[in-house]
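Engineer: Enclosed is the structure file coords_9.cif (mmCIF, C-alpha atoms).
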data_upload
loop_
_atom_site.label_atom_id
_atom_site.label_comp_id
_atom_site.auth_asym_id
_atom_site.auth_seq_id
_atom_site.Cartn_x
_atom_site.Cartn_y
_atom_site.Cartn_z
CA MET A 26 -32.48 -69.98 -9.48
CA ILE A 27 -31.27 -66.54 -10.58
CA LYS A 28 -29.85 -68.17 -13.73
CA TRP A 29 -33.38 -69.36 -14.47
CA LEU A 30 -34.65 -65.87 -13.68
CA LEU A 31 -32.14 -64.32 -16.06
CA SER A 32 -33.31 -66.67 -18.81
CA LEU A 33 -36.89 -65.48 -18.23
CA PHE A 34 -35.90 -61.86 -18.77
CA LYS A 35 -34.12 -62.76 -21.98
CA ARG A 36 -37.58 -63.81 -23.14
CA LYS A 37 -38.94 -60.35 -22.14
CA GLU A 38 -40.72 -61.55 -18.99
CA THR A 39 -41.60 -58.81 -16.50
CA VAL A 40 -41.46 -58.64 -12.72
CA LYS A 41 -45.27 -58.85 -12.70
CA GLU A 42 -45.18 -62.10 -14.69
CA LEU A 43 -42.36 -63.43 -12.52
CA THR A 44 -44.43 -62.73 -9.41
CA TRP A 45 -47.27 -64.82 -10.85
CA ILE A 46 -44.88 -67.68 -11.60
CA MET A 47 -43.36 -67.56 -8.10
CA LYS A 48 -46.66 -67.06 -6.24
CA ARG A 49 -45.15 -64.31 -4.09
CA THR A 50 -44.56 -60.60 -4.63
CA ILE A 51 -40.94 -59.45 -4.83
CA ASN A 52 -40.33 -55.83 -3.82
CA GLU A 53 -36.59 -55.85 -3.16
CA ILE A 54 -33.29 -57.59 -3.64
CA ASP A 55 -31.25 -57.78 -0.44
CA ILE A 56 -27.49 -58.03 -0.83
CA HIS A 57 -25.52 -59.74 1.94
CA CYS A 58 -21.93 -60.76 2.50
CA SER A 59 -20.72 -64.07 3.91
CA ALA A 60 -18.43 -62.26 6.40
CA THR A 61 -15.52 -64.42 5.29
CA PRO A 62 -11.94 -63.35 4.43
CA PRO A 63 -10.96 -63.14 0.76
CA ASN A 64 -8.90 -66.35 0.85
CA MET A 65 -12.00 -68.34 1.86
CA ASP A 66 -13.69 -69.14 -1.45
CA ILE A 67 -16.87 -70.84 -0.34
CA GLY A 68 -20.24 -71.23 -2.00
CA VAL A 69 -23.78 -72.51 -1.59
CA LYS A 70 -22.66 -75.92 -0.31
CA GLU A 71 -20.73 -74.52 2.66
CA ILE A 72 -23.29 -71.84 3.57
CA ARG A 73 -26.09 -74.41 3.37
CA GLN A 74 -24.15 -76.58 5.84
CA TRP A 75 -23.77 -73.62 8.24
CA HIS A 76 -27.45 -72.71 8.06
CA VAL A 77 -28.72 -76.29 8.40
CA ALA A 78 -26.42 -76.71 11.42
CA LYS A 79 -28.42 -73.84 12.98
CA ASN A 80 -31.57 -75.94 12.44
CA TRP A 81 -32.71 -73.89 9.45
CA SER A 82 -34.50 -75.84 6.72
CA ASP A 83 -32.06 -74.72 4.00
CA ILE A 84 -29.61 -72.00 3.04
CA GLY A 85 -31.18 -68.62 3.80
CA TYR A 86 -30.05 -66.97 0.54
CA HIS A 87 -31.55 -67.50 -2.88
CA ASP A 88 -28.21 -67.05 -4.62
CA VAL A 89 -24.52 -66.79 -3.83
CA ILE A 90 -21.87 -64.95 -5.86
CA ARG A 91 -18.48 -66.64 -5.48
CA ARG A 92 -15.15 -64.80 -5.57
CA ASP A 93 -14.71 -65.52 -9.31
CA GLY A 94 -18.18 -64.12 -10.09
CA THR A 95 -19.86 -67.50 -10.47
CA LEU A 96 -23.54 -67.35 -9.57
CA GLU A 97 -24.74 -70.35 -7.54
CA GLU A 98 -28.37 -71.20 -6.85
CA GLY A 99 -29.41 -71.56 -3.21
CA ARG A 100 -32.94 -71.53 -1.82
CA PRO A 101 -35.61 -71.74 -4.55
CA LEU A 102 -37.05 -68.33 -5.46
CA GLU A 103 -40.54 -69.66 -4.85
CA ARG A 104 -39.70 -69.92 -1.14
CA ALA A 105 -39.18 -66.91 1.09
CA GLY A 106 -35.58 -66.49 2.19
CA ALA A 107 -34.22 -66.55 5.73
CA HIS A 108 -31.98 -63.51 5.78
CA ILE A 109 -33.66 -60.40 7.30
CA ARG A 110 -36.29 -60.89 9.98
CA GLY A 111 -39.54 -59.28 8.89
CA ARG A 112 -38.46 -58.74 5.27
CA ASN A 113 -38.08 -62.26 3.88
CA ALA A 114 -41.53 -62.72 2.35
CA ASN A 115 -41.16 -60.15 -0.42
CA SER A 116 -37.46 -60.20 -1.23
CA ILE A 117 -34.72 -62.09 -3.00
CA ALA A 118 -31.50 -62.63 -1.03
CA VAL A 119 -28.11 -62.60 -2.75
CA CYS A 120 -24.93 -63.28 -0.77
CA MET A 121 -21.51 -62.14 -1.99
CA ILE A 122 -18.58 -64.16 -0.64
CA GLY A 123 -16.14 -62.03 1.35
CA GLY A 124 -16.71 -58.87 3.32
CA VAL A 125 -14.10 -59.11 6.08
CA LYS A 126 -10.34 -59.03 6.43
CA ALA A 127 -8.33 -61.91 7.92
CA ASP A 128 -8.81 -60.29 11.37
CA MET A 129 -12.61 -60.29 10.77
CA GLU A 130 -12.78 -56.49 10.44
CA ALA A 131 -15.34 -55.39 7.84
CA ALA A 132 -13.85 -54.74 4.39
CA ASN A 133 -15.06 -54.10 0.88
CA ASN A 134 -12.86 -56.83 -0.58
CA PHE A 135 -15.23 -58.08 -3.25
CA THR A 136 -13.84 -58.77 -6.70
CA LYS A 137 -14.61 -57.03 -9.97
CA GLU A 138 -16.13 -60.29 -11.17
CA GLN A 139 -18.49 -60.37 -8.19
CA PHE A 140 -19.64 -56.80 -8.82
CA ASP A 141 -20.11 -57.54 -12.53
CA THR A 142 -22.37 -60.49 -11.68
CA LEU A 143 -24.24 -58.46 -9.06
CA ARG A 144 -24.87 -55.64 -11.55
CA ARG A 145 -26.17 -58.14 -14.11
CA VAL A 146 -28.50 -59.78 -11.59
CA HIS A 147 -29.74 -56.42 -10.30
CA HIS A 148 -30.31 -54.98 -13.77
CA LEU A 149 -32.19 -58.00 -15.06
CA THR A 150 -34.30 -58.63 -11.97
CA CYS A 151 -35.32 -54.97 -11.62
CA LYS A 152 -36.85 -54.61 -15.09
CA SER A 153 -40.47 -53.66 -14.91
CA GLY A 154 -43.33 -54.12 -17.31
#
I need this file expressed as C-alpha cells, please.
Structural biologist:
Amino acid sequence: MIKWLLSLFKRKETVKELTWIMKRTINEIDIHCSATPPNMDIGVKEIRQWHVAKNWSDIGYHDVIRRDGTLEEGRPLERAGAHIRGRNANSIAVCMIGGVKADMEAANNFTKEQFDTLRRVHHLTCKSG
C-alpha cells in the first residue's frame, strides 16, 4: 500500500487529500521491528501468519521493510493497524525486519537499504499541503 501512497505523492497529492481517499486521519507513522535476528529474512507473508495465528484478522502492520530494503504491502492503509493499543486509528505502521541479535538481545542491526527505504517512505508520507 505504501507503494501506492508513494505514487500518489509523485502526482503532488497531499496528506489532506490522502486522508480523504483513506477515510481516516493519519497523524503519525509508527516504526516497529520484527524482533528477529539478522539471518531471518522474513516478510509480510510470515508476519501475517504469526498475527493470524493470534486470532487477529490480518497482519497488524501496513508495510514491512525487508532486509534488502524491499517494501512489502501488508494491511490496507484504509484499515486501522493493529500495532499500538490506543494509537492505531490515526497512524500508519511500518515494520523493519530485524532488531535483535541471535540471543534475542535488542540490536540496531538494520541494513543501509532498510534505512534508505524508511527515509523515502517517511519523507514522502510526511509532505503536507
Engineer: Applying 6 Å and all atoms listed in the file, which residues near segment 130-142 of chain A remain after dropping the ones on its own chain fewer than 3 positions away? List them as an NGL selection string.
Structural biologist: :A and (93-94 or 124-126 or 145)
Engineer: Calculate how many Å separate atom CA of Arg104 of chain A from atom CA of Gly123 of chain A, rounding to one decimal.
Structural biologist: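 So the answer is 25.0 Å.
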Engineer: Select, from A:Leu102, A:Ala107, A:Met121, A:Val69, the residue with the minimum atom-to-atom distance to Leu143 of chain A, counting all atoms listed in the file.
Structural biologist: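 For Leu143 of chain A, the nearest of the given residues is A:Met121.
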Engineer: Could you work out how far atom CA of Ala105 of chain A lies from atom CA of Met129 of chain A, giving the answer in Å with one decimal?
Structural biologist: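 If I compute the distance from atom CA of Met129 of chain A to atom CA of Ala105 of chain A, I get 29.0 Å.
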Engineer: Show me, as a ChimeraX atom specification, the residues that have an atom within 7 Å of segment 75-84 of chain A when counting all atoms listed in the file, minus same-chain residues fewer than 3 positions from it.
Structural biologist: /A:71-72,99-100
Engineer: Could you please determine the separation between atom CA of Val89 of chain A and atom CA of Arg73 of chain A in Å, to one decimal place?
Structural biologist: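 Computing the Euclidean distance for atom CA of Val89 of chain A and atom CA of Arg73 of chain A yields 10.6 Å.
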Engineer: Which residue is closest to Met65 of chain A? Choose from A:Ile117, A:Leu96, A:Ala127, A:Ile109 and count all atoms listed in the file.
Structural biologist: A:Ala127
Engineer: Looking at A:Gln74, A:Glu103, A:Ser59, A:Asn115, which one is nearest to Arg91 of chain A, with distances taken over all atoms listed in the file?
Structural biologist: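 Answer, going by the shortest atom-to-atom distance: A:Ser59.
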Engineer: Step by step, work through what the PyMOL selection byres ((chain A and resi 119) around 8) selects in the shown file, and finish by giving those residues as JSON, numbers by chain.
Structural biologist: {"A": [54, 55, 56, 57, 86, 87, 88, 89, 90, 117, 118, 120, 121]}
Engineer: So, counting only C-alpha atoms, which residue among A:Ile122, A:Pro101, A:Arg49, A:Ser116 is closest to Pro62 of chain A?
Structural biologist: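 Ranked by minimum distance to Pro62 of chain A, first place goes to A:Ile122.
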